[in-house]
$ cat input-v7.txt   # compact mmCIF, C-alpha atoms and all ligand atoms
# COMPACT_ATOMS: atom_id res chain seq x y z
CA MET A 1 -32.57 37.31 13.31
CA PRO A 2 -32.17 40.81 11.65
CA GLU A 3 -33.48 41.06 8.15
CA ALA A 4 -30.13 41.91 6.62
CA ASP A 5 -28.71 38.61 7.86
CA GLU A 6 -31.66 36.74 6.49
CA ASP A 7 -31.00 38.26 3.08
CA ALA A 8 -27.37 37.24 3.31
CA GLN A 9 -28.54 33.66 3.83
CA GLN A 10 -30.69 33.53 0.73
CA PRO A 11 -29.47 30.83 -1.65
CA THR A 12 -27.47 32.19 -4.55
CA PRO A 13 -29.83 33.13 -7.40
CA HIS A 14 -30.49 30.51 -10.01
CA THR A 15 -27.63 30.86 -12.45
CA ALA A 16 -28.46 28.04 -14.84
CA PRO A 17 -28.54 29.22 -18.46
CA ILE A 18 -31.86 29.53 -20.23
CA LEU A 19 -31.97 26.71 -22.73
CA SER A 20 -33.09 27.41 -26.28
CA PRO A 21 -36.76 26.44 -26.70
CA SER A 22 -36.17 25.25 -30.25
CA LEU A 23 -33.21 23.81 -32.06
CA PRO A 24 -30.78 26.71 -32.50
CA ALA A 25 -30.54 27.91 -36.12
CA ASP A 26 -26.80 27.50 -36.02
CA GLY A 27 -24.69 25.38 -33.78
CA ARG A 28 -22.49 26.80 -31.05
CA SER A 29 -18.89 26.15 -30.26
CA TRP A 30 -17.96 23.17 -28.16
CA SER A 31 -16.01 25.35 -25.74
CA ALA A 32 -19.11 27.49 -25.08
CA LEU A 33 -21.19 24.37 -24.61
CA GLN A 34 -18.62 22.82 -22.32
CA ALA A 35 -18.84 25.84 -20.07
CA GLU A 36 -22.62 25.76 -20.23
CA LEU A 37 -22.73 22.08 -19.29
CA ALA A 38 -20.63 22.84 -16.24
CA THR A 39 -23.00 25.68 -15.28
CA LEU A 40 -26.05 23.49 -15.80
CA ARG A 41 -24.68 21.25 -13.08
CA ASP A 42 -24.50 24.07 -10.51
CA ASP A 43 -27.76 23.19 -8.77
CA ASP A 44 -27.14 19.43 -8.79
CA VAL A 45 -26.34 17.57 -5.62
CA ASP A 46 -22.59 17.68 -4.97
CA TRP A 47 -22.01 13.94 -5.08
CA ARG A 48 -18.31 14.44 -5.77
CA ALA A 49 -18.07 15.84 -2.26
CA GLY A 50 -19.93 12.81 -0.90
CA ARG A 51 -23.24 14.65 -0.47
CA ALA A 52 -25.48 12.07 -2.18
CA ALA A 53 -26.33 8.79 -0.49
CA VAL A 54 -28.64 7.72 -3.32
CA TYR A 55 -28.40 7.62 -7.14
CA VAL A 56 -24.59 7.64 -7.37
CA PHE A 57 -22.00 4.99 -6.51
CA ASP A 58 -18.63 6.68 -6.26
CA ALA A 59 -15.64 4.36 -6.24
CA GLY A 60 -13.13 7.11 -6.90
CA LYS A 61 -11.69 9.05 -9.79
CA ASP A 62 -9.55 6.23 -11.17
CA VAL A 63 -12.55 3.93 -11.59
CA ARG A 64 -14.56 6.77 -13.12
CA THR A 65 -11.81 7.43 -15.63
CA VAL A 66 -11.68 3.77 -16.67
CA ALA A 67 -15.46 3.74 -17.14
CA ALA A 68 -15.51 7.03 -19.06
CA GLU A 69 -12.65 6.16 -21.39
CA ALA A 70 -13.91 2.65 -22.09
CA TYR A 71 -17.38 4.08 -22.73
CA GLN A 72 -15.95 6.66 -25.08
CA GLN A 73 -14.04 4.07 -27.08
CA PHE A 74 -17.31 2.27 -27.86
CA ILE A 75 -19.66 5.24 -27.93
CA SER A 76 -20.87 4.56 -31.49
CA GLU A 77 -20.80 0.78 -31.45
CA ASN A 78 -24.16 -0.96 -31.21
CA GLY A 79 -24.82 -4.13 -29.25
CA LEU A 80 -27.75 -4.85 -31.55
CA GLY A 81 -25.22 -6.13 -34.07
CA PRO A 82 -23.05 -8.78 -32.41
CA ALA A 83 -21.89 -10.08 -35.79
CA ALA A 84 -20.70 -6.62 -36.81
CA PHE A 85 -19.26 -5.97 -33.35
CA PRO A 86 -17.90 -9.25 -32.01
CA SER A 87 -15.96 -7.10 -29.55
CA LEU A 88 -19.20 -6.22 -27.74
CA ALA A 89 -20.50 -9.78 -27.92
CA ARG A 90 -17.28 -11.04 -26.33
CA MET A 91 -17.29 -8.40 -23.60
CA GLU A 92 -20.97 -8.99 -22.79
CA ALA A 93 -20.44 -12.76 -22.62
CA ASN A 94 -17.46 -12.20 -20.36
CA VAL A 95 -19.38 -9.85 -18.02
CA VAL A 96 -22.18 -12.44 -17.82
CA GLN A 97 -19.66 -15.22 -17.16
CA MET A 98 -17.83 -13.27 -14.44
CA THR A 99 -21.15 -12.37 -12.78
CA ALA A 100 -22.45 -15.95 -12.96
CA SER A 101 -19.33 -17.29 -11.30
CA LEU A 102 -19.47 -14.59 -8.62
CA LEU A 103 -23.05 -15.69 -7.89
CA GLN A 104 -22.05 -19.37 -7.83
CA ALA A 105 -24.10 -20.29 -10.86
CA PRO A 106 -23.45 -23.83 -12.12
CA GLU A 107 -21.72 -24.75 -15.36
CA GLY A 108 -23.98 -24.03 -18.32
CA SER A 109 -25.72 -21.05 -16.75
CA THR A 110 -26.20 -18.08 -19.02
CA GLY A 111 -27.81 -14.65 -19.31
CA SER A 112 -27.37 -11.20 -20.72
CA MET A 113 -26.58 -7.61 -19.96
CA SER A 114 -29.38 -5.06 -19.90
CA SER A 115 -29.83 -1.33 -19.44
CA GLY A 116 -30.39 -1.56 -15.68
CA GLY A 117 -32.00 -3.37 -12.80
CA THR A 118 -35.51 -2.58 -13.94
CA GLU A 119 -34.87 -4.13 -17.35
CA SER A 120 -33.11 -7.15 -15.82
CA ILE A 121 -36.14 -7.76 -13.59
CA PHE A 122 -38.49 -7.20 -16.51
CA LEU A 123 -36.56 -9.78 -18.54
CA ALA A 124 -36.60 -12.41 -15.79
CA VAL A 125 -40.33 -11.88 -15.26
CA LYS A 126 -40.97 -12.07 -19.01
CA ALA A 127 -38.92 -15.26 -19.32
CA CYS A 128 -40.80 -16.77 -16.38
CA ARG A 129 -44.18 -15.77 -17.83
CA ASP A 130 -43.42 -17.31 -21.21
CA TRP A 131 -41.84 -20.40 -19.64
CA ALA A 132 -44.95 -20.84 -17.48
CA ARG A 133 -47.23 -20.58 -20.54
CA VAL A 134 -45.57 -23.77 -21.73
CA HIS A 135 -44.80 -25.54 -18.47
CA ARG A 136 -47.54 -24.25 -16.11
CA PRO A 137 -50.56 -23.65 -18.38
CA GLN A 138 -52.94 -24.12 -15.45
CA ALA A 139 -51.55 -20.95 -13.81
CA SER A 140 -53.43 -18.67 -16.23
CA ARG A 141 -56.74 -20.54 -16.18
CA LYS A 142 -58.48 -18.52 -13.46
CA GLY A 143 -56.90 -15.11 -13.97
CA PRO A 144 -53.51 -13.52 -14.57
CA PRO A 145 -50.55 -15.52 -13.29
CA GLN A 146 -49.08 -14.16 -10.06
CA ILE A 147 -45.75 -13.16 -8.59
CA VAL A 148 -45.48 -13.53 -4.81
CA ALA A 149 -43.04 -10.99 -3.37
CA PRO A 150 -42.28 -9.38 -0.01
CA ARG A 151 -43.44 -5.78 0.50
CA THR A 152 -39.79 -4.70 0.36
CA ALA A 153 -39.13 -6.05 -3.17
CA HIS A 154 -38.41 -3.38 -5.77
CA PRO A 155 -41.37 -1.74 -7.61
CA ALA A 156 -39.79 -2.96 -10.86
CA PHE A 157 -41.69 -6.23 -10.28
CA ASP A 158 -44.99 -4.34 -10.36
CA LYS A 159 -43.84 -2.36 -13.39
CA ALA A 160 -42.97 -5.59 -15.20
CA ALA A 161 -46.21 -7.26 -14.11
CA GLY A 162 -48.20 -4.28 -15.41
CA TYR A 163 -46.52 -4.46 -18.81
CA LEU A 164 -46.73 -8.24 -18.98
CA GLY A 165 -50.31 -8.83 -17.83
CA LEU A 166 -49.36 -10.41 -14.51
CA GLU A 167 -50.27 -9.66 -10.89
CA VAL A 168 -48.02 -9.12 -7.89
CA VAL A 169 -49.10 -10.37 -4.49
CA ARG A 170 -47.20 -8.28 -1.95
CA VAL A 171 -46.70 -9.90 1.44
CA PRO A 172 -45.90 -7.94 4.66
CA VAL A 173 -42.46 -8.55 6.14
CA THR A 174 -41.53 -9.74 9.65
CA ASP A 175 -40.53 -7.57 12.62
CA ALA A 176 -36.96 -7.97 11.36
CA PHE A 177 -38.08 -6.27 8.08
CA THR A 178 -37.22 -9.35 6.00
CA ALA A 179 -39.48 -11.61 3.94
CA ASP A 180 -42.05 -13.51 6.00
CA VAL A 181 -41.58 -16.89 4.38
CA SER A 182 -44.55 -18.66 5.95
CA ALA A 183 -46.85 -15.76 5.02
CA MET A 184 -45.46 -15.92 1.49
CA GLU A 185 -46.09 -19.66 1.38
CA ALA A 186 -49.65 -19.04 2.57
CA ALA A 187 -50.10 -16.52 -0.26
CA LEU A 188 -49.26 -19.07 -2.97
CA SER A 189 -52.06 -20.22 -5.25
CA GLU A 190 -52.45 -22.26 -8.41
CA ARG A 191 -51.83 -18.97 -10.24
CA THR A 192 -48.38 -18.41 -8.71
CA ILE A 193 -45.55 -18.66 -11.24
CA LEU A 194 -42.75 -16.72 -9.51
CA LEU A 195 -41.41 -16.30 -6.01
CA VAL A 196 -39.17 -13.29 -5.27
CA GLY A 197 -36.55 -12.52 -2.64
CA SER A 198 -34.04 -9.67 -2.44
CA ALA A 199 -30.34 -9.77 -1.61
CA PRO A 200 -30.64 -7.17 -0.24
CA CYS A 201 -33.88 -5.20 -0.55
CA PHE A 202 -33.32 -1.54 -1.32
CA PRO A 203 -35.42 0.07 1.46
CA PHE A 204 -33.69 -1.53 4.46
CA GLY A 205 -30.61 -3.11 2.88
CA LEU A 206 -31.50 -6.53 4.32
CA ILE A 207 -31.03 -9.94 2.74
CA ASP A 208 -34.26 -11.96 2.76
CA PRO A 209 -34.13 -15.55 4.11
CA ILE A 210 -33.42 -16.95 0.65
CA GLU A 211 -32.62 -20.41 2.00
CA GLN A 212 -36.17 -20.72 3.37
CA LEU A 213 -37.64 -19.28 0.17
CA ASN A 214 -35.60 -21.90 -1.66
CA ALA A 215 -37.27 -24.63 0.43
CA VAL A 216 -40.74 -23.24 -0.38
CA ALA A 217 -39.87 -22.99 -4.07
CA LEU A 218 -38.66 -26.61 -4.08
CA ALA A 219 -41.73 -27.85 -2.21
CA HIS A 220 -44.09 -26.12 -4.67
CA ASP A 221 -41.93 -26.49 -7.77
CA LEU A 222 -41.74 -22.73 -8.32
CA TRP A 223 -39.32 -20.40 -10.08
CA LEU A 224 -37.37 -18.36 -7.49
CA HIS A 225 -35.83 -15.06 -8.61
CA VAL A 226 -33.31 -13.39 -6.32
CA ASP A 227 -33.05 -9.66 -6.91
CA ALA A 228 -29.41 -8.86 -6.21
CA CYS A 229 -29.50 -5.64 -8.20
CA VAL A 230 -27.88 -3.66 -5.42
CA GLY A 231 -26.10 -6.57 -3.71
CA GLY A 232 -24.80 -8.71 -6.57
CA TYR A 233 -21.49 -6.86 -6.74
CA PHE A 234 -21.23 -6.32 -3.01
CA ALA A 235 -22.46 -9.26 -0.96
CA PRO A 236 -20.03 -11.80 -2.48
CA PHE A 237 -17.07 -9.54 -1.62
CA ALA A 238 -18.37 -8.72 1.86
CA ARG A 239 -18.62 -12.46 2.47
CA MET A 240 -15.04 -13.00 1.25
CA ASN A 241 -14.05 -10.28 3.73
CA GLY A 242 -15.56 -12.29 6.57
CA VAL A 243 -19.08 -10.82 6.89
CA GLU A 244 -21.30 -13.76 7.82
CA LEU A 245 -24.06 -13.74 5.24
CA PRO A 246 -26.84 -16.27 4.75
CA ALA A 247 -26.98 -18.16 1.44
CA PHE A 248 -28.56 -15.95 -1.21
CA ASP A 249 -27.37 -17.05 -4.64
CA PHE A 250 -27.30 -19.95 -7.13
CA ALA A 251 -25.79 -22.21 -4.47
CA LEU A 252 -29.46 -22.73 -3.60
CA PRO A 253 -30.97 -25.05 -6.21
CA ALA A 254 -34.39 -23.38 -6.64
CA VAL A 255 -32.83 -20.05 -7.57
CA GLN A 256 -33.55 -19.98 -11.30
CA SER A 257 -32.59 -16.38 -12.05
CA MET A 258 -30.82 -13.41 -10.48
CA SER A 259 -30.46 -9.75 -11.35
CA ALA A 260 -27.24 -7.87 -10.47
CA ASP A 261 -26.46 -4.31 -11.52
CA THR A 262 -23.01 -3.47 -12.80
CA HIS A 263 -24.00 0.21 -12.61
CA LYS A 264 -24.51 0.01 -8.83
CA TYR A 265 -21.80 -1.55 -6.64
CA GLY A 266 -20.20 -2.83 -9.86
CA TYR A 267 -19.17 0.86 -10.24
CA ALA A 268 -19.67 0.77 -14.02
CA ALA A 269 -21.14 3.56 -16.14
CA LYS A 270 -24.91 3.84 -15.95
CA GLY A 271 -27.01 1.77 -18.32
CA ALA A 272 -25.56 -1.62 -17.40
CA SER A 273 -26.93 -4.58 -15.46
CA THR A 274 -26.97 -8.35 -15.73
CA VAL A 275 -29.63 -11.04 -15.56
CA ILE A 276 -28.40 -14.61 -15.07
CA TYR A 277 -30.28 -17.91 -15.49
CA ARG A 278 -29.38 -21.29 -14.07
CA GLU A 279 -30.68 -23.07 -17.20
CA PRO A 280 -30.32 -22.06 -20.85
CA GLU A 281 -33.79 -23.62 -21.40
CA ARG A 282 -35.33 -20.86 -19.28
CA PHE A 283 -33.12 -18.08 -20.67
CA ALA A 284 -34.47 -19.10 -24.10
CA PHE A 285 -37.82 -17.56 -23.11
CA GLN A 286 -36.28 -14.13 -22.57
CA GLY A 287 -35.66 -13.20 -26.19
CA PHE A 288 -37.91 -11.71 -28.85
CA HIS A 289 -38.18 -12.99 -32.43
CA PHE A 290 -40.15 -11.50 -35.28
CA GLU A 291 -39.96 -13.02 -38.74
CA ASP A 292 -42.20 -11.21 -41.16
CA TRP A 293 -40.63 -7.81 -41.55
CA PRO A 294 -39.43 -6.20 -44.81
CA CYS A 295 -35.97 -5.80 -43.33
CA ARG A 296 -36.01 -9.55 -42.62
CA ALA A 297 -36.21 -11.24 -39.24
CA MET A 298 -35.60 -9.29 -36.03
CA ALA A 299 -34.25 -11.17 -33.03
CA THR A 300 -33.18 -9.40 -29.84
CA PRO A 301 -32.14 -10.97 -26.55
CA THR A 302 -33.37 -8.05 -24.37
CA PHE A 303 -36.03 -5.34 -24.40
CA ALA A 304 -33.91 -2.86 -26.32
CA GLY A 305 -33.23 -2.61 -30.02
CA THR A 306 -30.12 -0.49 -30.22
CA ARG A 307 -27.86 -1.23 -27.26
CA PRO A 308 -25.12 1.19 -26.18
CA GLY A 309 -21.71 -0.34 -26.81
CA GLY A 310 -20.20 2.09 -24.33
CA ALA A 311 -22.19 0.69 -21.42
CA ILE A 312 -21.02 -2.83 -22.20
CA ALA A 313 -17.38 -1.80 -22.67
CA ALA A 314 -17.36 0.32 -19.49
CA ALA A 315 -18.81 -2.52 -17.40
CA TRP A 316 -16.27 -4.96 -18.77
CA ALA A 317 -13.38 -2.54 -18.29
CA VAL A 318 -14.30 -1.57 -14.71
CA MET A 319 -14.78 -5.20 -13.65
CA SER A 320 -11.47 -6.14 -15.19
CA TYR A 321 -9.77 -3.07 -13.70
CA LEU A 322 -10.96 -3.74 -10.14
CA GLY A 323 -10.82 -7.51 -10.04
CA MET A 324 -11.62 -9.50 -6.92
CA SER A 325 -9.18 -7.56 -4.71
CA GLY A 326 -10.37 -4.14 -5.91
CA TYR A 327 -14.00 -4.96 -5.16
CA ARG A 328 -13.12 -6.54 -1.83
CA GLU A 329 -11.19 -3.47 -0.77
CA ARG A 330 -14.11 -1.18 -1.66
CA ALA A 331 -16.63 -3.46 0.07
CA ARG A 332 -14.46 -3.34 3.17
CA THR A 333 -14.42 0.47 3.07
CA VAL A 334 -18.20 0.66 2.67
CA VAL A 335 -18.90 -1.82 5.48
CA ALA A 336 -16.63 0.22 7.76
CA LEU A 337 -18.52 3.39 6.79
CA ARG A 338 -21.83 1.72 7.64
CA GLU A 339 -20.41 0.58 10.99
CA ARG A 340 -19.30 4.14 11.70
CA VAL A 341 -22.84 5.36 10.97
CA GLU A 342 -24.26 2.64 13.23
CA GLU A 343 -21.96 3.74 16.04
CA ALA A 344 -23.14 7.34 15.66
CA LEU A 345 -26.79 6.26 15.55
CA ALA A 346 -26.36 4.29 18.79
CA GLU A 347 -24.73 7.29 20.43
CA LEU A 348 -27.61 9.52 19.29
CA GLY A 349 -30.31 7.07 20.38
CA LEU A 350 -31.69 6.49 16.88
CA ASN A 351 -33.08 3.14 15.70
CA ILE A 352 -31.75 1.12 12.81
CA HIS A 353 -34.47 -0.64 10.81
CA GLY A 354 -33.41 -4.30 10.99
CA ARG A 355 -29.81 -5.47 11.03
CA PRO A 356 -28.12 -4.40 7.78
CA GLN A 357 -24.84 -6.10 6.82
CA LEU A 358 -23.98 -4.44 3.52
CA GLY A 359 -23.85 -0.84 2.26
CA LEU A 360 -27.44 0.33 2.84
CA ILE A 361 -28.97 1.42 6.13
CA ALA A 362 -32.23 3.06 7.18
CA PHE A 363 -32.94 4.58 10.58
CA GLY A 364 -35.71 6.26 12.52
CA ALA A 365 -36.42 7.95 15.85
CA GLU A 366 -38.96 7.23 18.56
CA ASP A 367 -39.14 10.70 20.06
CA PHE A 368 -39.38 13.06 17.04
CA PRO A 369 -40.48 12.93 13.37
CA ILE A 370 -37.47 11.59 11.51
CA LEU A 371 -38.60 12.93 8.13
CA GLY A 372 -38.37 16.50 9.44
CA LEU A 373 -34.74 15.81 10.29
CA GLY A 374 -34.35 14.39 6.77
CA ASP A 375 -35.63 17.67 5.33
CA TRP A 376 -33.27 19.68 7.51
CA LEU A 377 -30.31 17.57 6.38
CA ARG A 378 -31.42 18.03 2.81
CA GLU A 379 -31.36 21.80 3.27
CA ARG A 380 -27.77 21.34 4.40
CA GLY A 381 -27.02 19.67 1.07
CA TRP A 382 -27.30 15.99 2.09
CA VAL A 383 -29.42 14.14 -0.44
CA SER A 384 -30.64 10.68 0.45
CA SER A 385 -33.73 8.55 0.14
CA ARG A 386 -36.27 7.91 2.91
CA THR A 387 -38.49 5.08 4.04
CA GLN A 388 -42.12 4.75 5.11
CA GLY A 389 -43.65 2.01 7.24
CA PRO A 390 -41.60 2.76 9.31
CA ASP A 391 -40.48 6.31 8.51
CA GLY A 392 -36.75 6.59 8.16
CA ILE A 393 -33.74 8.24 6.62
CA HIS A 394 -32.07 5.94 4.10
CA LEU A 395 -28.39 5.88 3.21
CA MET A 396 -26.75 4.05 0.34
CA LEU A 397 -23.05 4.26 1.08
CA SER A 398 -20.17 4.09 -1.36
CA PRO A 399 -16.39 4.41 -0.99
CA GLY A 400 -16.53 8.13 -1.84
CA HIS A 401 -18.32 8.78 1.43
CA ALA A 402 -15.08 8.20 3.34
CA ALA A 403 -14.38 11.89 2.68
CA SER A 404 -17.72 13.15 4.00
CA ILE A 405 -18.94 10.74 6.65
CA GLU A 406 -17.72 12.73 9.67
CA LEU A 407 -19.24 15.93 8.28
CA TYR A 408 -22.52 14.08 7.86
CA ILE A 409 -22.39 12.70 11.39
CA ASP A 410 -21.65 16.18 12.77
CA ASP A 411 -24.68 17.58 10.96
CA LEU A 412 -26.77 14.61 12.03
CA ARG A 413 -25.80 15.24 15.66
CA GLU A 414 -26.68 18.92 15.38
CA GLY A 415 -29.98 18.12 13.65
CA VAL A 416 -30.97 15.52 16.25
CA GLY A 417 -30.26 18.07 18.99
CA LYS A 418 -32.47 20.62 17.26
CA ALA A 419 -35.21 18.06 16.63
CA ARG A 420 -35.23 17.13 20.33
CA SER A 421 -35.34 20.75 21.47
CA GLY A 422 -38.00 21.61 18.89
CA THR A 423 -35.77 24.11 17.06
CA LEU A 424 -35.37 22.34 13.74
CA GLY A 425 -37.42 25.01 12.00
CA ILE A 426 -39.02 22.46 9.70
CA GLY A 427 -42.79 22.29 9.60
CA VAL A 428 -44.62 19.37 8.12
CA PRO A 429 -42.10 17.02 6.51
CA SER A 430 -42.02 17.37 2.75
CA GLU A 431 -43.82 14.94 0.52
CA VAL A 432 -40.71 14.41 -1.59
CA ARG A 433 -40.60 10.70 -2.20
CA TYR A 434 -37.49 10.66 -4.27
CA ALA A 435 -34.73 12.97 -3.21
C1 LIG A 501 -31.79 -0.34 -7.95
C2 LIG A 501 -32.60 -1.54 -7.73
C3 LIG A 501 -33.44 -2.04 -8.74
C4 LIG A 501 -33.70 -1.29 -10.02
O1 LIG A 501 -32.55 -1.00 -10.73
P1 LIG A 501 -32.45 0.24 -11.75
O2 LIG A 501 -31.06 0.09 -12.29
O3 LIG A 501 -32.64 1.48 -10.94
O4 LIG A 501 -33.48 0.07 -12.79
C5 LIG A 501 -34.07 -3.23 -8.50
N1 LIG A 501 -33.92 -3.88 -7.34
C6 LIG A 501 -33.14 -3.42 -6.33
C7 LIG A 501 -33.01 -4.22 -5.06
C8 LIG A 501 -32.45 -2.24 -6.50
O5 LIG A 501 -31.69 -1.76 -5.51
$ encode --input "input-v7.txt" --output "structure tokens"
Amino acid sequence: MPEADEDAQQPTPHTAPILSPSLPADGRSWSALQAELATLRDDDVDWRAGRAAVYVFDAGKDVRTVAAEAYQQFISENGLGPAAFPSLARMEANVVQMTASLLQAPEGSTGSMSSGGTESIFLAVKACRDWARVHRPQASRKGPPQIVAPRTAHPAFDKAAGYLGLEVVRVPVTDAFTADVSAMEAALSERTILLVGSAPCFPFGLIDPIEQLNAVALAHDLWLHVDACVGGYFAPFARMNGVELPAFDFALPAVQSMSADTHKYGYAAKGASTVIYREPERFAFQGFHFEDWPCRAMATPTFAGTRPGGAIAAAWAVMSYLGMSGYRERARTVVALRERVEEALAELGLNIHGRPQLGLIAFGAEDFPILGLGDWLRERGWVSSRTQGPDGIHLMLSPGHAASIELYIDDLREGVGKARSGTLGIGVPSEVRYA
């Protein structure tokens, strides 16, 4: 290629403004800042054009407007003060109630909202740890109590365990990439306090055999947590639409707690998730109480002190705006998008990791390094996650991808052709773990 052409292909120079290294002496006008904020975004992934299959769940402009305006109405309100802001207390209770019923929790179940999936998992693990101190004191006799989880469970369990002085025993999954229940049962010890399954796991988008985990939990009298962070607001609607899903929720009696993120397929503003407990007696171990403080007692239900009212209001408003039919319609769109991707993958001779049924899918190739193709797609502006063991390209689909899916498939087809003819022009795949 002539040099002049190469120059023409250089990316546009970095145009982002240089940010002031210290607080500016005087403030600047909002209109100038508004323009600067828009410029700051120039190098971000163009998710509005459906270019991101990770980080963002786009259910359309109407939903975004509801979330933004509800958030704005409660931008200063603080969930730390439910007595001062009964509005937030009522909305949070309602979000919890709607989620619990969606997940088939029995009468009397309870829970709270949190800042995200990681916090919801942290809270369930903390509640379980403190519950076990009372009800399973033998578990901490010979070392830290343990969580037994499949390899595919979210790292938030290890993060929580690290903070809480627990250990995670990670168990390899089966050839179908789902939890190996007998291997998990074999990994149990007198130190085990918590058994984990995902519905679905993030890496492969697959629902673990929760029914079998339920049987193990019953046999050993263990707390079973189902992490439905990414599936809690999707799987129930996919099932209503006729997708045949295995049991994964509170319909199974050993499921003591579940996490479900309103800021994922709930399409709410970021900073909102839920954690639900079958029994109020276990939820009681989640909270924090401190008495002897000059500003009197401090009691908080979650990890946070100050809690953003906007996140609570936006979650409540979006759920109420979409309702059952709105979520079902979006789940139907996303499942159809995944099926379209599957069709293209079959045509291109690529392998799907496992048999996904929801909105996530990961795929690999037998005859070329898939991560190199991932890098090439990234250079074309497609940002997604990737897997290892096995290597794969990972897609988290949302309704907004309806506008971009054919463009993606066209690029995928071109990239696969190049990869097979050795003309991808990508050397060693990048070490980028997060897109
Ligand atoms: C996203 C996710 C989490 C963590 O949620 P954050 O909101 O990112 O903290 C946990 N588990 C699963 C299965 C997830 O997909």
$ closest_atom_pairs --input "input-v7.txt" --of "chain A" --to "ligand LIG 501 (chain A)" --cutoff "9 Å" --atoms "only C-alpha atoms and all ligand atoms" --output "Markdown table"
| residue | atom | partner | partner_atom | distance |
| --- | --- | --- | --- | --- |
| A:Tyr55 | CA | A:LIG501 | O3 | 8.4 |
| A:Ser115 | CA | A:LIG501 | O2 | 7.4 |
| A:Gly116 | CA | A:LIG501 | O2 | 3.8 |
| A:Gly117 | CA | A:LIG501 | O1 | 3.2 |
| A:Thr118 | CA | A:LIG501 | O4 | 3.5 |
| A:Glu119 | CA | A:LIG501 | O4 | 6.4 |
| A:Ser120 | CA | A:LIG501 | O4 | 7.8 |
| A:Ile121 | CA | A:LIG501 | C5 | 7.1 |
| A:Thr152 | CA | A:LIG501 | C7 | 8.7 |
| A:Ala153 | CA | A:LIG501 | C7 | 6.7 |
| A:His154 | CA | A:LIG501 | N1 | 4.8 |
| A:Pro155 | CA | A:LIG501 | C5 | 7.5 |
| A:Ala156 | CA | A:LIG501 | C5 | 6.2 |
| A:Phe157 | CA | A:LIG501 | C5 | 8.4 |
| A:Ser198 | CA | A:LIG501 | C7 | 6.1 |
| A:Ala199 | CA | A:LIG501 | C7 | 7.1 |
| A:Pro200 | CA | A:LIG501 | C7 | 6.1 |
| A:Cys201 | CA | A:LIG501 | C7 | 4.7 |
| A:Phe202 | CA | A:LIG501 | O5 | 4.5 |
| A:Pro203 | CA | A:LIG501 | O5 | 8.1 |
| A:Gly205 | CA | A:LIG501 | C7 | 8.4 |
| A:Asp227 | CA | A:LIG501 | C7 | 5.7 |
| A:Ala228 | CA | A:LIG501 | C7 | 6.0 |
| A:Cys229 | CA | A:LIG501 | C6 | 4.7 |
| A:Val230 | CA | A:LIG501 | O5 | 4.3 |
| A:Gly231 | CA | A:LIG501 | C7 | 7.4 |
| A:Ser259 | CA | A:LIG501 | N1 | 7.9 |
| A:Ala260 | CA | A:LIG501 | N1 | 8.4 |
| A:Asp261 | CA | A:LIG501 | O2 | 6.4 |
| A:Thr262 | CA | A:LIG501 | O2 | 8.8 |
| A:His263 | CA | A:LIG501 | O2 | 7.1 |
| A:Lys264 | CA | A:LIG501 | C1 | 7.3 |
| A:Lys270 | CA | A:LIG501 | O2 | 8.1 |
| A:Gly271 | CA | A:LIG501 | O2 | 7.5 |
| A:Ala272 | CA | A:LIG501 | O2 | 7.7 |
| A:Ser273 | CA | A:LIG501 | O2 | 7.0 |
$ closest_residue --input "input-v7.txt" --among "A:Leu80, A:Ile312, A:Leu245, A:Val56" --to "A:Met298" --atoms "all atoms listed in the file"
A:Leu80
$ atom_distance --input "input-v7.txt" --atom1 "atom CA of A:Ala217" --atom2 "atom CA of A:Leu195"
7.1 Å
$ atom_distance --input "input-v7.txt" --atom1 "atom CA of A:Leu164" --atom2 "atom CA of A:Ser189"
19.0 Å
$ closest_residue --input "input-v7.txt" --among "A:Val168, A:Ala68, A:Ala284, A:Met91" --to "A:Thr110" --atoms "only C-alpha atoms"
A:Ala284
$ atom_distance --input "input-v7.txt" --atom1 "atom CA of A:Ala187" --atom2 "atom CA of A:Phe204"
22.7 Å
$ residues_around --input "input-v7.txt" --residues "A:Val125" --least-positions-apart "3" --cutoff "9 Å" --atoms "all atoms listed in the file" --output "list in words"
Ser120, Ile121, Phe122, Cys128, Arg129, Asp130, Ile147, Phe157, Ala160, Ala161, Leu164, Leu194, His225 and Gln286 of chain A
$ write_last_selection --input "input-v7.txt" --atoms "C-alpha atoms" --output "PDB file, in the coordinates of the input"
ATOM      1  CA  SER A 120     -33.110  -7.150 -15.820  1.00  0.00           C
ATOM      2  CA  ILE A 121     -36.140  -7.760 -13.590  1.00  0.00           C
ATOM      3  CA  PHE A 122     -38.490  -7.200 -16.510  1.00  0.00           C
ATOM      4  CA  CYS A 128     -40.800 -16.770 -16.380  1.00  0.00           C
ATOM      5  CA  ARG A 129     -44.180 -15.770 -17.830  1.00  0.00           C
ATOM      6  CA  ASP A 130     -43.420 -17.310 -21.210  1.00  0.00           C
ATOM      7  CA  ILE A 147     -45.750 -13.160  -8.590  1.00  0.00           C
ATOM      8  CA  PHE A 157     -41.690  -6.230 -10.280  1.00  0.00           C
ATOM      9  CA  ALA A 160     -42.970  -5.590 -15.200  1.00  0.00           C
ATOM     10  CA  ALA A 161     -46.210  -7.260 -14.110  1.00  0.00           C
ATOM     11  CA  LEU A 164     -46.730  -8.240 -18.980  1.00  0.00           C
ATOM     12  CA  LEU A 194     -42.750 -16.720  -9.510  1.00  0.00           C
ATOM     13  CA  HIS A 225     -35.830 -15.060  -8.610  1.00  0.00           C
ATOM     14  CA  GLN A 286     -36.280 -14.130 -22.570  1.00  0.00           C
TER      15      GLN A 286
END
